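J.: This is the structure I want to talk about, given as structure tokens.
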Amino acid sequence: MSEANTHARGLRLAWRLRRASCRLPEQGLTLSELADLHGPAAPGSLLILLAAPCLLPIPGVGTVLGLSLLTLAAGLWRGKTHHGLPERVAHLNLSADWARRVLRVLAQCHGATEGWVKARMGPGAAKPGRRWLPAIVALMALLIVLPIPFGNFLPALSLILAGLALTARDGLALTASYVLAALSTAFGVGVSVLGLFWGSELLLWLGGWLQV
């Protein structure tokens, strides 16, 4: 796939998604309908589609999509190249307002391929680098599912970058997504440890106060 073709496809898809965001039905869209707008459900496309809504504070969506990302990770581990959305996820309906925001996020992600995501080699392009992808997707999905304050943004961003890298066959972008995944993990672990520490301190304080 040439760099020019990658850029053109990203721009066409970004334009189609922006146009769709201006023509939404009142009842909104299901994720299945969003997938139809996005094109063929290849792993890269599905990563972007499932991760993009997790950037937004939509109640309950992170849990459902995080579980779906775990299913996608299992498919990547088995070597599948195409995936369908699980039925529960396919019928998840987003209101017109949230669907518009998701479409605009998707358009921005695909529009970004014009600038720097392109077909090129890198550490992530080699087979040992790609073998890490299922584990990275599964780990980011777990971070999205866990109730970590502000814990969805970095993992979702890492998965979107990985999806763009797969779509454009960009080994350097895939490596960058792994670095971002490491930062996401460090953030999630750090917030969890602080939460446990502060929680234990609060329990000790409450116990002392009740004994007074």
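Identifiers for the structure tokens are assigned positionally: chains receive A, B, ... in sequence, residues are indexed from 1 per chain, and ligands are indexed from 1 in the order shown.
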Taking a cut-off of 9 Å and counting only C-alpha atoms, can you build a table that, for each residue of range 135-168 of chain A near range 62-78 of chain A, reports the nearest atom pair and how far apart they are in Å (one decimal), sorted by chain then residue number, as a tab-separated table?

T.:
```
residue	atom	partner	partner_atom	distance
A:Ala135	CA	A:Ala73	CA	7.0
A:Ile136	CA	A:Ala73	CA	8.2
A:Val137	CA	A:Ala73	CA	5.6
A:Ala138	CA	A:Leu70	CA	5.1
A:Leu139	CA	A:Leu70	CA	8.4
A:Met140	CA	A:Gly66	CA	8.2
A:Ala141	CA	A:Gly66	CA	4.6
A:Leu142	CA	A:Gly66	CA	6.6
A:Leu143	CA	A:Gly66	CA	8.2
A:Ile144	CA	A:Gly66	CA	5.7
A:Val145	CA	A:Thr63	CA	4.7
A:Leu146	CA	A:Thr63	CA	7.9
A:Asn152	CA	A:Gly62	CA	7.4
```

J.: I'd like the contact shell of His91 in chain A - 8 Å cut-off, only C-alpha atoms, skipping same-chain residues fewer than 6 positions apart - returned as a short mmCIF file (atom, residue, chain, number, x, y, z; two decimals) with all heavy atoms, in the first residue's frame.

T.:
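Printed below is out39.cif as written:
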```cif
data_model
loop_
_atom_site.label_atom_id
_atom_site.label_comp_id
_atom_site.auth_asym_id
_atom_site.auth_seq_id
_atom_site.Cartn_x
_atom_site.Cartn_y
_atom_site.Cartn_z
N THR A 30 -26.53 2.77 16.19
CA THR A 30 -25.95 1.64 16.90
C THR A 30 -24.48 1.50 16.48
O THR A 30 -24.05 2.06 15.47
CB THR A 30 -26.69 0.34 16.56
OG1 THR A 30 -26.52 0.05 15.16
CG2 THR A 30 -28.17 0.46 16.88
N LEU A 31 -23.71 0.75 17.26
CA LEU A 31 -22.31 0.53 16.89
C LEU A 31 -22.19 -0.26 15.60
O LEU A 31 -21.22 -0.09 14.85
CB LEU A 31 -21.59 -0.20 18.01
CG LEU A 31 -21.16 0.66 19.20
CD1 LEU A 31 -20.40 -0.19 20.22
CD2 LEU A 31 -20.29 1.82 18.76
N SER A 32 -23.18 -1.10 15.31
CA SER A 32 -23.18 -1.81 14.03
C SER A 32 -23.28 -0.82 12.87
O SER A 32 -22.59 -0.97 11.85
CB SER A 32 -24.33 -2.81 13.99
OG SER A 32 -24.38 -3.46 12.74
#
```

J.: Contacts of Leu94 in chain A at 6 Å or less, counting only C-alpha atoms, minus same-chain residues fewer than 4 places along, as a PyMOL selection string?

T.: chain A and resi 28-30+98-99

J.: Can you work out which one of A:Gly163, A:Pro59, A:Pro53, A:Pro155 has the shortest atom-to-atom distance to Thr185 in chain A, counting only C-alpha atoms?

T.: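 The shortest atom-to-atom distance to Thr185 in chain A comes from A:Pro155.
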
J.: When you draw a straight line from CA of Val179 in chain A to CA of Ala107 in chain A, how long is it in Å?

T.: 23.7 Å

J.: Given the choices A:Ala182, A:Glu26, A:Gly171, A:Ala35, which gets closest to Leu103 in chain A if the distance is worked out from only C-alpha atoms?

T.: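 For Leu103 in chain A, the nearest of the given residues is A:Ala35.
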
J.: Which of these residues is nearest to Glu33 in chain A, using only C-alpha atoms: A:Leu50, A:Pro57, A:Trp15, A:Asn93?

T.: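 Closest to Glu33 in chain A, using only C-alpha atoms: A:Asn93.
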
J.: Under the rule that only C-alpha atoms are counted, which of A:Leu34, A:Ser95, A:Gly188, A:Leu47 is the nearest residue to Ser158 in chain A?

T.: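 Residue with the minimum atom-to-atom distance to Ser158 in chain A: A:Leu47.
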
J.: Find the residue from A:Val191, A:Ala168, A:Ala162, A:Thr175 that sits nearest to Leu49 in chain A; use only C-alpha atoms when measuring.

T.: A:Ala162

J.: Using only C-alpha atoms, find the one residue out of A:Ala52, A:Arg88, A:Ser192, A:Ala165 that sits nearest to Pro147 in chain A.

T.: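 Looking at the shortest contact to Pro147 in chain A, the residue is A:Ser192.
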